$ cat input.cif   # mmCIF, C-alpha atoms
data_entry
#
loop_
_atom_site.label_atom_id
_atom_site.label_comp_id
_atom_site.auth_asym_id
_atom_site.auth_seq_id
_atom_site.Cartn_x
_atom_site.Cartn_y
_atom_site.Cartn_z
CA MET Z 273 -12.02 -44.88 -12.67
CA ASN Z 274 -11.47 -46.23 -16.16
CA LYS Z 275 -8.72 -43.75 -16.74
CA LEU Z 276 -6.92 -44.86 -13.61
CA LYS Z 277 -7.14 -48.49 -14.70
CA LEU Z 278 -5.55 -47.56 -17.97
CA ASP Z 279 -2.90 -45.82 -15.98
CA VAL Z 280 -2.20 -48.94 -13.90
CA GLU Z 281 -1.54 -50.78 -17.11
CA ASN Z 282 0.66 -48.01 -18.33
CA TYR Z 283 2.49 -47.93 -15.01
CA ARG Z 284 3.01 -51.68 -15.01
CA ASN Z 285 4.53 -51.54 -18.49
CA LEU Z 286 6.82 -48.69 -17.54
CA LEU Z 287 7.91 -50.48 -14.39
CA LYS Z 288 8.58 -53.68 -16.25
CA GLN Z 289 10.53 -51.87 -18.90
CA TYR Z 290 12.66 -50.17 -16.31
CA ILE Z 291 13.33 -53.26 -14.25
CA THR Z 292 14.40 -55.25 -17.29
CA THR Z 293 16.34 -52.59 -19.23
CA HIS Z 294 17.23 -49.89 -16.68
CA ASP Z 295 16.30 -47.56 -19.47
CA GLU Z 296 16.50 -43.80 -18.76
CA THR Z 297 13.45 -43.05 -20.89
CA SER Z 298 11.18 -45.11 -18.69
CA LEU Z 299 12.44 -43.11 -15.72
CA TYR Z 300 11.52 -39.96 -17.60
CA GLN Z 301 8.12 -41.44 -18.39
CA ALA Z 302 7.62 -42.20 -14.71
CA GLU Z 303 8.16 -38.52 -14.06
CA GLN Z 304 5.56 -37.69 -16.71
CA PHE Z 305 3.23 -40.19 -15.09
CA SER Z 306 3.50 -38.33 -11.78
CA LYS Z 307 2.80 -35.02 -13.52
CA VAL Z 308 -0.34 -36.36 -15.16
CA SER Z 309 -1.41 -37.91 -11.85
CA MET Z 310 -1.06 -34.53 -10.16
CA GLN Z 311 -3.23 -32.99 -12.82
CA HIS Z 312 -5.90 -35.58 -12.13
CA ASN Z 313 -5.72 -35.01 -8.37
CA ILE Z 314 -4.36 -38.49 -7.72
CA SER Z 315 -2.95 -38.75 -4.20
CA PRO Z 316 0.46 -40.24 -3.30
CA GLU Z 317 -1.08 -43.29 -1.64
CA GLU Z 318 -3.05 -44.03 -4.77
CA ILE Z 319 0.22 -44.12 -6.70
CA ILE Z 320 1.64 -46.57 -4.19
CA HIS Z 321 -1.48 -48.63 -4.57
CA VAL Z 322 -0.92 -48.67 -8.32
CA HIS Z 323 2.68 -49.68 -7.70
CA ILE Z 324 1.61 -52.59 -5.50
CA GLU Z 325 -0.89 -53.79 -8.11
CA ALA Z 326 1.68 -53.56 -10.89
CA LEU Z 327 4.31 -55.34 -8.83
CA LYS Z 328 1.92 -58.20 -7.99
CA ASP Z 329 1.03 -58.47 -11.65
CA LEU Z 330 4.62 -58.71 -12.70
CA TYR Z 331 5.78 -60.95 -9.84
CA PRO Z 332 2.89 -63.09 -8.66
CA HIS Z 333 5.18 -64.90 -6.21
CA LEU Z 334 6.47 -61.90 -4.40
CA PRO Z 335 7.76 -62.68 -0.89
CA SER Z 336 5.00 -61.82 1.56
CA GLU Z 337 7.41 -59.50 3.46
CA VAL Z 338 7.69 -57.23 0.42
CA ASP Z 339 3.94 -57.24 0.06
CA ASP Z 340 3.51 -56.33 3.71
CA SER Z 341 6.12 -53.61 3.54
CA MET Z 342 4.26 -52.08 0.63
CA ASN Z 343 1.05 -51.93 2.62
CA PHE Z 344 3.01 -50.40 5.43
CA LEU Z 345 4.34 -47.71 3.08
CA LEU Z 346 0.82 -47.07 1.89
CA GLU Z 347 -0.26 -46.19 5.45
CA ALA Z 348 2.84 -44.08 5.94
CA MET Z 349 1.92 -41.95 2.96
CA ILE Z 350 -1.60 -41.08 4.07
CA SER Z 351 -0.68 -37.74 5.68
CA TYR Z 352 1.06 -36.67 2.51
CA GLY Z 353 -2.13 -37.40 0.66
CA LEU Z 354 -4.11 -35.25 3.09
CA ALA Z 355 -1.58 -32.43 2.75
CA TYR Z 356 -1.95 -32.67 -0.98
CA GLN Z 357 -5.73 -32.42 -0.72
CA GLU Z 358 -5.36 -29.39 1.52
CA PHE Z 359 -3.03 -27.80 -1.00
CA GLN Z 360 -5.63 -28.33 -3.69
CA SER Z 361 -8.40 -26.71 -1.71
CA LEU Z 362 -6.13 -23.80 -0.69
CA ARG Z 363 -5.28 -23.23 -4.29
CA GLU Z 364 -8.95 -23.07 -5.16
CA LYS Z 365 -9.62 -20.71 -2.26
CA GLN Z 366 -6.74 -18.49 -3.33
CA LEU Z 367 -8.17 -18.23 -6.82
CA GLU Z 368 -11.55 -17.36 -5.31
CA LEU Z 369 -10.03 -14.64 -3.13
CA LYS Z 370 -8.09 -13.24 -6.01
CA SER Z 371 -11.22 -12.90 -8.07
CA GLU Z 372 -13.12 -11.44 -5.11
CA ILE Z 373 -10.43 -8.80 -4.62
CA SER Z 374 -10.53 -7.92 -8.26
CA VAL Z 375 -14.32 -7.56 -8.04
CA ALA Z 376 -13.82 -5.29 -5.01
CA ALA Z 377 -11.17 -3.27 -6.84
CA ASN Z 378 -13.54 -2.79 -9.76
CA MET Z 379 -16.35 -1.84 -7.44
CA GLN Z 380 -14.09 0.69 -5.73
CA LYS Z 381 -13.24 2.15 -9.09
CA THR Z 382 -16.93 2.62 -9.84
CA LEU Z 383 -17.75 3.98 -6.37
CA LEU Z 384 -14.92 6.45 -6.29
CA SER Z 385 -15.02 7.42 -9.91
CA THR Z 386 -15.18 11.13 -10.48
CA VAL Z 387 -15.91 13.03 -13.63
CA LYS Z 388 -13.31 15.53 -14.65
CA PRO Z 389 -15.48 18.59 -15.22
CA THR Z 390 -15.24 20.77 -18.28
CA ILE Z 391 -15.04 24.38 -17.20
CA ASN Z 392 -14.44 27.26 -19.56
CA GLY Z 393 -10.99 28.71 -19.24
CA ILE Z 394 -9.65 25.91 -17.04
CA ASP Z 395 -7.67 22.88 -18.16
CA ILE Z 396 -7.63 19.96 -15.72
CA GLY Z 397 -5.42 16.87 -15.77
CA ALA Z 398 -5.58 14.04 -13.23
CA ILE Z 399 -3.91 10.66 -12.79
CA SER Z 400 -4.05 8.16 -9.93
CA VAL Z 401 -2.11 4.90 -10.04
CA PRO Z 402 -2.40 2.35 -7.21
CA ALA Z 403 0.76 0.58 -6.02
CA ASN Z 404 -1.31 -2.57 -5.43
CA GLN Z 405 -4.69 -3.73 -6.63
CA MET Z 406 -6.68 -1.26 -4.55
CA ASN Z 407 -6.06 2.45 -4.37
CA GLY Z 408 -5.66 4.29 -1.04
CA ASP Z 409 -5.45 7.62 -2.84
CA TYR Z 410 -8.55 9.48 -3.87
CA TYR Z 411 -9.38 12.58 -5.78
CA HIS Z 412 -12.74 14.05 -6.46
CA PHE Z 413 -14.15 17.02 -8.33
CA VAL Z 414 -17.29 18.74 -7.13
CA THR Z 415 -19.10 21.20 -9.34
CA ALA Z 416 -21.97 23.45 -8.35
CA ASN Z 417 -24.48 25.75 -10.02
CA ASP Z 418 -22.39 28.83 -9.30
CA GLU Z 419 -19.69 27.34 -11.55
CA SER Z 420 -17.32 26.89 -8.64
CA LEU Z 421 -15.08 23.85 -8.62
CA GLY Z 422 -14.24 21.83 -5.53
CA ILE Z 423 -11.16 19.61 -5.64
CA ALA Z 424 -10.45 16.98 -3.02
CA VAL Z 425 -7.24 14.97 -2.85
CA ALA Z 426 -6.80 12.44 -0.06
CA ASP Z 427 -4.38 9.75 0.96
CA VAL Z 428 -5.16 7.06 3.50
CA ILE Z 429 -2.22 5.85 5.50
CA GLY Z 430 -1.29 2.39 4.43
CA LYS Z 431 -2.29 0.55 1.32
CA GLY Z 432 -4.57 -2.15 0.15
CA ILE Z 433 -8.05 -3.07 1.29
CA PRO Z 434 -8.30 -1.21 4.66
CA ALA Z 435 -7.15 1.98 2.96
CA ALA Z 436 -9.63 1.50 0.14
CA LEU Z 437 -12.51 0.94 2.57
CA ALA Z 438 -11.63 4.10 4.50
CA MET Z 439 -11.60 6.00 1.21
CA SER Z 440 -15.14 4.91 0.43
CA MET Z 441 -16.16 6.25 3.83
CA ILE Z 442 -14.66 9.66 2.98
CA LYS Z 443 -16.44 9.72 -0.34
CA TYR Z 444 -19.83 8.93 1.20
CA SER Z 445 -19.40 11.44 3.99
CA MET Z 446 -18.57 14.12 1.45
CA ASP Z 447 -21.60 13.22 -0.60
CA SER Z 448 -23.82 13.50 2.45
CA PHE Z 449 -22.72 17.04 3.33
CA PRO Z 450 -25.31 19.65 2.36
CA GLU Z 451 -24.82 21.47 -0.92
CA ASN Z 452 -24.20 24.80 0.74
CA GLN Z 453 -21.40 23.47 2.89
CA ARG Z 454 -18.56 23.78 0.48
CA PHE Z 455 -15.91 25.66 2.33
CA PRO Z 456 -12.66 23.75 2.71
CA SER Z 457 -12.32 24.41 6.45
CA ASP Z 458 -15.86 23.12 7.14
CA ILE Z 459 -15.45 20.07 4.96
CA LEU Z 460 -12.18 19.04 6.62
CA LYS Z 461 -13.53 19.76 10.11
CA ASN Z 462 -16.53 17.51 9.51
CA LEU Z 463 -14.53 14.77 7.82
CA ASN Z 464 -12.07 14.82 10.70
CA ARG Z 465 -14.87 13.97 13.12
CA VAL Z 466 -16.11 11.16 10.87
CA VAL Z 467 -12.62 9.65 10.58
CA GLU Z 468 -11.83 10.09 14.29
CA ARG Z 469 -15.00 8.26 15.27
CA ASN Z 470 -14.80 5.47 12.76
CA VAL Z 471 -11.27 4.28 12.17
CA ASP Z 472 -8.59 2.42 14.06
CA PRO Z 473 -6.30 4.66 16.22
CA SER Z 474 -3.29 3.89 14.06
CA MET Z 475 -5.06 4.89 10.88
CA PHE Z 476 -5.31 8.40 9.56
CA ILE Z 477 -5.98 10.28 6.39
CA THR Z 478 -4.29 13.29 4.84
CA MET Z 479 -6.45 15.50 2.70
CA PHE Z 480 -6.37 18.69 0.70
CA TYR Z 481 -9.54 20.49 -0.24
CA GLY Z 482 -9.61 23.46 -2.59
CA LEU Z 483 -12.47 25.55 -3.92
CA TYR Z 484 -12.02 27.60 -7.05
CA HIS Z 485 -14.37 30.42 -8.05
CA PRO Z 486 -13.97 31.34 -11.72
CA ALA Z 487 -15.84 34.62 -11.19
CA THR Z 488 -13.37 35.92 -8.63
CA SER Z 489 -10.36 33.81 -9.72
CA SER Z 490 -9.90 32.88 -6.11
CA PHE Z 491 -8.64 29.50 -4.97
CA VAL Z 492 -9.48 28.89 -1.31
CA TYR Z 493 -8.04 25.81 0.35
CA SER Z 494 -7.33 23.97 3.58
CA SER Z 495 -5.00 21.09 4.23
CA ALA Z 496 -5.20 18.25 6.71
CA GLY Z 497 -1.55 17.29 6.85
CA HIS Z 498 -1.43 16.67 3.14
CA GLU Z 499 1.75 16.69 1.07
CA PRO Z 500 1.99 20.30 -0.16
CA GLY Z 501 1.40 20.93 -3.84
CA PHE Z 502 2.90 23.67 -5.98
CA PHE Z 503 1.58 26.93 -7.34
CA TYR Z 504 3.06 28.21 -10.58
CA ASN Z 505 2.97 31.99 -10.82
CA ALA Z 506 3.16 32.73 -14.55
CA LYS Z 507 3.94 36.40 -14.19
CA LYS Z 508 6.89 35.79 -11.91
CA ASP Z 509 7.68 32.43 -13.55
CA THR Z 510 8.15 30.85 -10.13
CA TYR Z 511 6.96 27.73 -8.35
CA GLU Z 512 5.93 28.06 -4.74
CA GLU Z 513 4.86 25.42 -2.25
CA ILE Z 514 1.16 25.59 -1.49
CA GLN Z 515 1.53 26.15 2.24
CA GLY Z 516 -1.28 25.35 4.60
CA LYS Z 517 -0.52 23.55 7.77
CA GLY Z 518 -3.29 21.49 9.36
CA LEU Z 519 -3.45 18.29 11.39
CA VAL Z 520 -4.14 15.00 9.60
CA LEU Z 521 -7.72 13.70 9.80
CA GLY Z 522 -8.63 11.30 12.57
CA VAL Z 523 -6.21 12.19 15.36
CA THR Z 524 -8.22 14.48 17.66
CA ASN Z 525 -11.95 15.12 17.42
CA ASP Z 526 -11.90 18.90 17.81
CA THR Z 527 -9.36 19.87 15.14
CA THR Z 528 -10.14 22.99 13.14
CA TYR Z 529 -8.62 23.93 9.81
CA GLU Z 530 -7.38 27.28 8.63
CA GLU Z 531 -8.35 28.52 5.19
CA PHE Z 532 -5.85 30.05 2.78
CA GLU Z 533 -6.39 31.90 -0.48
CA ILE Z 534 -4.49 32.20 -3.74
CA LYS Z 535 -5.47 34.58 -6.53
CA VAL Z 536 -5.12 32.68 -9.77
CA LYS Z 537 -4.24 34.67 -12.89
CA LYS Z 538 -3.96 33.73 -16.54
CA ASP Z 539 -1.50 30.89 -17.19
CA ASP Z 540 -1.04 30.19 -13.49
CA LYS Z 541 -1.10 26.53 -12.52
CA ILE Z 542 -2.05 24.59 -9.42
CA ILE Z 543 -0.28 21.26 -8.93
CA LEU Z 544 -1.67 18.84 -6.35
CA LEU Z 545 -0.20 15.48 -5.44
CA THR Z 546 0.08 12.72 -2.85
CA ASP Z 547 3.23 11.51 -1.12
CA GLY Z 548 3.34 8.53 -3.49
CA VAL Z 549 4.74 11.05 -5.95
CA THR Z 550 7.39 12.45 -3.65
CA GLU Z 551 8.29 9.12 -2.05
CA CYS Z 552 9.27 7.38 -5.26
CA ARG Z 553 12.38 5.31 -5.13
CA LEU Z 554 15.07 4.40 -7.58
CA GLY Z 555 16.68 1.26 -6.21
CA ASP Z 556 17.91 2.36 -2.78
CA ARG Z 557 17.69 6.07 -3.48
CA PHE Z 558 14.76 8.39 -2.94
CA ILE Z 559 13.68 10.80 -5.60
CA GLU Z 560 13.90 14.19 -3.93
CA ARG Z 561 10.99 16.59 -3.99
CA ASP Z 562 13.05 19.07 -6.01
CA GLU Z 563 13.67 16.43 -8.66
CA VAL Z 564 9.94 15.70 -8.80
CA LEU Z 565 9.30 19.39 -9.39
CA GLU Z 566 11.93 19.47 -12.15
CA VAL Z 567 10.18 16.58 -13.89
CA ILE Z 568 6.81 18.31 -13.56
CA LYS Z 569 8.32 21.51 -14.97
CA SER Z 570 9.62 19.67 -18.02
CA TYR Z 571 6.09 18.58 -19.02
CA ILE Z 572 4.04 21.51 -17.76
CA HIS Z 573 3.81 23.17 -21.18
CA LEU Z 574 1.63 20.26 -22.36
CA PRO Z 575 -2.17 20.18 -22.03
CA ALA Z 576 -2.92 19.28 -18.39
CA GLN Z 577 -4.01 15.67 -18.92
CA GLU Z 578 -1.08 14.94 -21.19
CA ALA Z 579 1.25 16.58 -18.66
CA VAL Z 580 0.19 14.41 -15.68
CA GLU Z 581 0.40 11.25 -17.76
CA SER Z 582 3.83 12.21 -19.07
CA VAL Z 583 5.13 12.81 -15.56
CA TYR Z 584 4.00 9.35 -14.45
CA LYS Z 585 5.42 7.73 -17.57
CA HIS Z 586 8.69 9.56 -16.99
CA PHE Z 587 9.08 7.89 -13.58
CA GLU Z 588 7.81 4.56 -14.79
CA ARG Z 589 10.49 4.48 -17.50
CA LEU Z 590 13.35 5.04 -15.06
CA GLN Z 591 15.41 1.99 -14.30
CA ASP Z 592 14.93 0.46 -10.85
CA PHE Z 593 11.81 2.55 -10.35
CA GLN Z 594 9.42 1.16 -7.78
CA LEU Z 595 6.01 2.51 -6.98
CA ARG Z 596 5.90 1.94 -3.22
CA ASP Z 597 2.80 3.99 -2.61
CA ASP Z 598 -0.25 5.03 -4.59
CA PHE Z 599 0.58 7.88 -6.97
CA THR Z 600 -1.82 10.77 -7.62
CA LEU Z 601 -1.08 13.96 -9.53
CA ILE Z 602 -3.46 16.74 -10.55
CA ILE Z 603 -2.67 19.81 -12.62
CA ILE Z 604 -5.11 22.68 -13.01
CA GLN Z 605 -4.23 25.53 -15.31
CA LYS Z 606 -6.05 28.74 -15.95
CA ASN Z 607 -6.08 29.58 -19.62
CA VAL Z 608 -7.90 32.89 -19.69
CA MET I 7 15.81 -4.34 -0.32
CA ASN I 8 15.84 -6.10 3.01
CA ILE I 9 16.38 -3.18 5.26
CA ASN I 10 15.21 -3.90 8.75
CA LEU I 11 14.39 -2.05 11.87
CA GLU I 12 16.30 -2.61 15.08
CA VAL I 13 14.55 -1.79 18.31
CA GLU I 14 16.35 -1.51 21.62
CA ILE I 15 14.65 -0.53 24.84
CA VAL I 16 16.50 0.76 27.87
CA GLU I 17 14.30 1.26 30.94
CA GLN I 18 15.53 3.17 33.94
CA ASP I 19 13.23 4.36 36.73
CA SER I 20 10.28 6.06 35.10
CA THR I 21 11.96 6.60 31.74
CA ALA I 22 12.08 4.24 28.80
CA ILE I 23 14.51 5.05 26.03
CA VAL I 24 13.64 3.41 22.72
CA LEU I 25 16.54 3.34 20.30
CA LEU I 26 15.57 2.72 16.70
CA ALA I 27 17.82 2.01 13.74
CA GLY I 28 16.80 1.33 10.16
CA GLU I 29 13.64 2.00 8.24
CA ILE I 30 10.07 2.31 9.43
CA ASP I 31 7.64 1.24 6.75
CA ALA I 32 4.69 -1.11 6.30
CA TYR I 33 6.98 -4.11 6.83
CA THR I 34 8.77 -2.95 9.96
CA ALA I 35 5.98 -0.89 11.56
CA PRO I 36 4.38 -3.93 13.31
CA LYS I 37 7.69 -4.52 15.11
CA LEU I 38 7.75 -0.92 16.30
CA LYS I 39 4.14 -1.12 17.38
CA GLU I 40 4.83 -4.28 19.37
CA ALA I 41 7.63 -2.55 21.24
CA LEU I 42 6.06 0.86 21.69
CA LEU I 43 2.43 0.18 22.60
CA PRO I 44 3.07 -1.86 25.77
CA LEU I 45 5.28 0.99 27.01
CA ALA I 46 2.66 3.59 26.12
CA LYS I 47 0.06 1.70 28.12
CA GLN I 48 2.17 1.77 31.28
CA GLN I 49 1.30 4.50 33.75
CA GLY I 50 3.42 7.57 34.37
CA LEU I 51 6.25 6.64 32.04
CA LEU I 52 8.34 9.00 29.94
CA ILE I 53 8.99 7.31 26.62
CA GLU I 54 11.81 8.87 24.71
CA VAL I 55 12.13 7.52 21.18
CA ASN I 56 15.49 8.16 19.58
CA LEU I 57 15.22 8.32 15.80
CA GLU I 58 18.80 9.35 15.05
CA LYS I 59 19.45 6.17 13.06
CA VAL I 60 16.14 6.09 11.23
CA ASN I 61 16.76 7.26 7.68
CA TYR I 62 13.35 6.48 6.28
CA MET I 63 9.86 6.47 7.59
CA ASP I 64 6.57 6.37 5.72
CA SER I 65 3.04 7.14 6.85
CA THR I 66 2.65 3.68 8.40
CA GLY I 67 5.29 4.76 10.92
CA LEU I 68 3.34 7.93 11.67
CA GLY I 69 0.33 5.73 12.36
CA VAL I 70 2.26 3.80 15.01
CA PHE I 71 3.32 7.02 16.75
CA ILE I 72 -0.26 8.32 16.65
CA SER I 73 -1.63 5.20 18.31
CA ALA I 74 1.20 5.33 20.88
CA LEU I 75 0.35 8.97 21.56
CA LYS I 76 -3.32 8.13 22.06
CA ALA I 77 -2.35 5.32 24.44
CA THR I 78 -0.08 7.61 26.52
CA LYS I 79 -2.93 10.11 26.89
CA GLU I 80 -5.05 7.38 28.45
CA SER I 81 -2.31 6.04 30.70
CA GLY I 82 -0.92 9.41 31.77
CA SER I 83 2.46 8.72 30.22
CA GLU I 84 4.42 10.96 27.93
CA LEU I 85 5.81 10.34 24.46
CA LYS I 86 8.78 12.27 23.21
CA LEU I 87 10.69 11.92 19.95
CA VAL I 88 14.30 12.97 19.80
CA GLN I 89 17.08 13.41 17.22
CA LEU I 90 15.02 13.12 14.06
CA GLN I 91 16.68 13.23 10.67
CA ASP I 92 15.42 16.00 8.39
CA ARG I 93 13.47 13.68 6.08
CA VAL I 94 11.65 12.11 9.00
CA LYS I 95 11.12 15.43 10.76
CA ARG I 96 9.52 16.85 7.63
CA LEU I 97 6.84 14.15 7.78
CA PHE I 98 5.85 15.24 11.29
CA GLU I 99 5.81 18.86 10.18
CA ILE I 100 3.69 18.39 7.05
CA THR I 101 1.13 16.34 8.93
CA ALA I 102 1.23 18.89 11.79
CA LEU I 103 1.79 16.01 14.18
CA ASP I 104 4.64 18.05 15.61
CA SER I 105 1.94 20.21 17.17
CA ILE I 106 0.65 17.33 19.30
CA ILE I 107 3.74 15.14 19.80
CA THR I 108 6.76 16.51 21.64
CA ILE I 109 9.65 16.57 19.22
CA ASP I 110 13.17 17.54 20.14
CA SER I 111 15.61 17.53 17.29
CA THR I 112 18.61 18.98 19.03
CA VAL I 113 21.61 16.72 19.19
CA ARG I 114 22.04 15.15 22.58
CA GLY I 115 24.28 17.18 24.83
CA GLY I 116 24.19 20.02 22.36
CA LYS I 117 21.72 22.07 24.29
#
$ encode --input "input.cif" --output "structure tokens"
Amino acid sequence: MNKLKLDVENYRNLLKQYITTHDETSLYQAEQFSKVSMQHNISPEEIIHVHIEALKDLYPHLPSEVDDSMNFLLEAMISYGLAYQEFQSLREKQLELKSEISVAANMQKTLLSTVKPTINGIDIGAISVPANQMNGDYYHFVTANDESLGIAVADVIGKGIPAALAMSMIKYSMDSFPENQRFPSDILKNLNRVVERNVDPSMFITMFYGLYHPATSSFVYSSAGHEPGFFYNAKKDTYEEIQGKGLVLGVTNDTTYEEFEIKVKKDDKIILLTDGVTECRLGDRFIERDEVLEVIKSYIHLPAQEAVESVYKHFERLQDFQLRDDFTLIIIQKNV
Amino acid sequence: MNINLEVEIVEQDSTAIVLLAGEIDAYTAPKLKEALLPLAKQQGLLIEVNLEKVNYMDSTGLGVFISALKATKESGSELKLVQLQDRVKRLFEITALDSIITIDSTVRGGK
């Protein structure tokens, strides 16, 4: 309370100075006084109280009407004081929430983290950038003793925390499937049931699951309504859409998924993505899927990891670029 | 970018025509949901959603149509989407939702 007392003195001097000189600087100092008071959580009615004290000090023979009116004003300010207190506590709560969300985001990162495997003859690049704090996209690599490589890419509808929670569910369900159940159609069929049972009707997940066998150079995949990727055929020097129609996860409980196969030869590339890549915007304009492919083509000669990062940086550098959705891009190239 | 969604509902007999104009995204989807779900919960109603003037829709919009579809299955109503722009139609095709929601992209009167 000592500090406040000092402040009363200070306030009285300022007030006196202003009343006698009408000096602009004392007005400015009054403003500073209010700033400092805010910093010390001093409520509006306390300021009025200080004003009354200072006024009585300066003019001991103040008409009683003025004195009364001041007390009246004091009462009239009480709600403002309460609002100010509420503001303070909301601000604290907001800081708390912010730090809780960032803890959750970090935890999600740890939970969903996947190790990019090193496999002879295959170069893998992967990038996933969330539009907000938490990522609703997910990719995961699964390796097994037979050297096969499973690749999952998924996108939860919507963004933020609900999407991130649903993603964790997918990850845990996948982890709980038995080792021998690695075929894309089985994995999607089982995940579909999990999602259908456990999420809100308006929520769904798109997912692509591919399984690559180095021994046979076969890439088997199924898609649950996922944005199609591209397959680069080195011999023909062409890019084709990776076709594979299947219903998104979580809509009906008995959905089955067809399996498709691509034979991967030397220098062929598999490009997987989420719709955050193809739904980029420049100001009011959408970046068309063809343009996205052109950008990918211009960096595809690079090592896979460098290529995916360059593609993202390319978009990021464009003027008026906005990332409206989480952005995930994976490139797999066969080197032998 | 303050592009909004306009929703107009015309009900006649057992048909409700929902005319949409604008964009359907995370910001406007709640408005669509508010309009569409009560209709989907009514019994024996044909809900025809006209998307001719919708130039953008993201997956949040798909989510609204999925929950409306689920609601119509319980109430015995029917959901039909008409006059979709190519960009919007592609979304229903990729997600294979066109296999479970009736979609008619022919221009009205052009049949």
$ interface_residues --input "input.cif" --of "chain Z" --to "chain I" --cutoff "7 Å" --atoms "all atoms listed in the file" --output "MDAnalysis selection string"
chainID Z and resid 429:430 473:476 496:499 517:520
$ axis_aligned_box --input "input.cif" --around "range 50-57 of chain I" --padding-each-side "8 Å" --output "lines of an AutoDock Vina configuration file"
center_x = 9.5
center_y = 7.8
center_z = 25.1
size_x = 28.1
size_y = 18.4
size_z = 34.6
$ resolve_selection --input "input.cif" --expression "the PyMOL selection byres ((chain I and resi 11) around 10)" --output "ChimeraX atom specification"
/I:8-10,12-14,26-31,33-35,37-38,59-60
$ residues_around --input "input.cif" --residues "Ser457 in chain Z" --least-positions-apart "6" --cutoff "9 Å" --atoms "all atoms listed in the file" --output "list in words"
Tyr481, Tyr493, Ser494, Ser495, Thr528, Tyr529, Glu530 and Glu531 of chain Z
$ atom_distance --input "input.cif" --atom1 "CA of Phe502 in chain Z" --atom2 "CA of Leu544 in chain Z"
6.7 Å
$ resolve_selection --input "input.cif" --expression "the PyMOL selection byres ((chain Z and resi 302) around 12)" --output "number ranges by chain"
Z: 279-280, 282-290, 295-301, 303-309, 319, 323
$ residues_around --input "input.cif" --residues "Asn417 in chain Z" --least-positions-apart "6" --cutoff "12 Å" --atoms "only C-alpha atoms" --output "list in words"
Ile391, Glu451, Asn452 and His485 of chain Z
$ closest_residue --input "input.cif" --among "I:Asn61, I:Val88, I:Gly82, I:Gln49" --to "Ile23 in chain I" --atoms "only C-alpha atoms"
I:Val88
$ closest_residue --input "input.cif" --among "Z:Leu354, Z:Ala579, Z:Leu463, Z:Ala376" --to "Asp447 in chain Z" --atoms "all atoms listed in the file"
Z:Leu463
$ resolve_selection --input "input.cif" --expression "the PyMOL selection byres ((chain Z and resi 486) around 9)" --output "list in words"
Ile391, Asn392, Gly393, Ile394, Glu419, Ser420, Leu421, Tyr484, His485, Ala487, Thr488, Ser489, Ser490 and Phe491 of chain Z
$ atom_distance --input "input.cif" --atom1 "CA of Gly516 in chain Z" --atom2 "CA of Asn470 in chain Z"
25.4 Å
$ atom_distance --input "input.cif" --atom1 "CA of His312 in chain Z" --atom2 "CA of Tyr331 in chain Z"
28.0 Å
$ closest_residue --input "input.cif" --among "I:Val16, I:Ala22, I:Ile109, I:Leu90" --to "Ala46 in chain I" --atoms "all atoms listed in the file"
I:Ala22
$ closest_atom_pairs --input "input.cif" --of "range 389-506 of chain Z" --to "range 587-608 of chain Z" --cutoff "6 Å" --atoms "only C-alpha atoms" --output "JSON lines"
{"residue": "Z:Gly393", "atom": "CA", "partner": "Z:Asn607", "partner_atom": "CA", "distance": 5.0}
{"residue": "Z:Ile394", "atom": "CA", "partner": "Z:Lys606", "partner_atom": "CA", "distance": 4.7}
{"residue": "Z:Asp395", "atom": "CA", "partner": "Z:Gln605", "partner_atom": "CA", "distance": 5.2}
{"residue": "Z:Ile396", "atom": "CA", "partner": "Z:Ile604", "partner_atom": "CA", "distance": 4.6}
{"residue": "Z:Gly397", "atom": "CA", "partner": "Z:Ile603", "partner_atom": "CA", "distance": 5.1}
{"residue": "Z:Ala398", "atom": "CA", "partner": "Z:Ile602", "partner_atom": "CA", "distance": 4.4}
{"residue": "Z:Ile399", "atom": "CA", "partner": "Z:Leu601", "partner_atom": "CA", "distance": 5.4}
{"residue": "Z:Ser400", "atom": "CA", "partner": "Z:Thr600", "partner_atom": "CA", "distance": 4.1}
{"residue": "Z:Val401", "atom": "CA", "partner": "Z:Phe599", "partner_atom": "CA", "distance": 5.1}
{"residue": "Z:Pro402", "atom": "CA", "partner": "Z:Asp598", "partner_atom": "CA", "distance": 4.3}
{"residue": "Z:Ala403", "atom": "CA", "partner": "Z:Asp598", "partner_atom": "CA", "distance": 4.8}
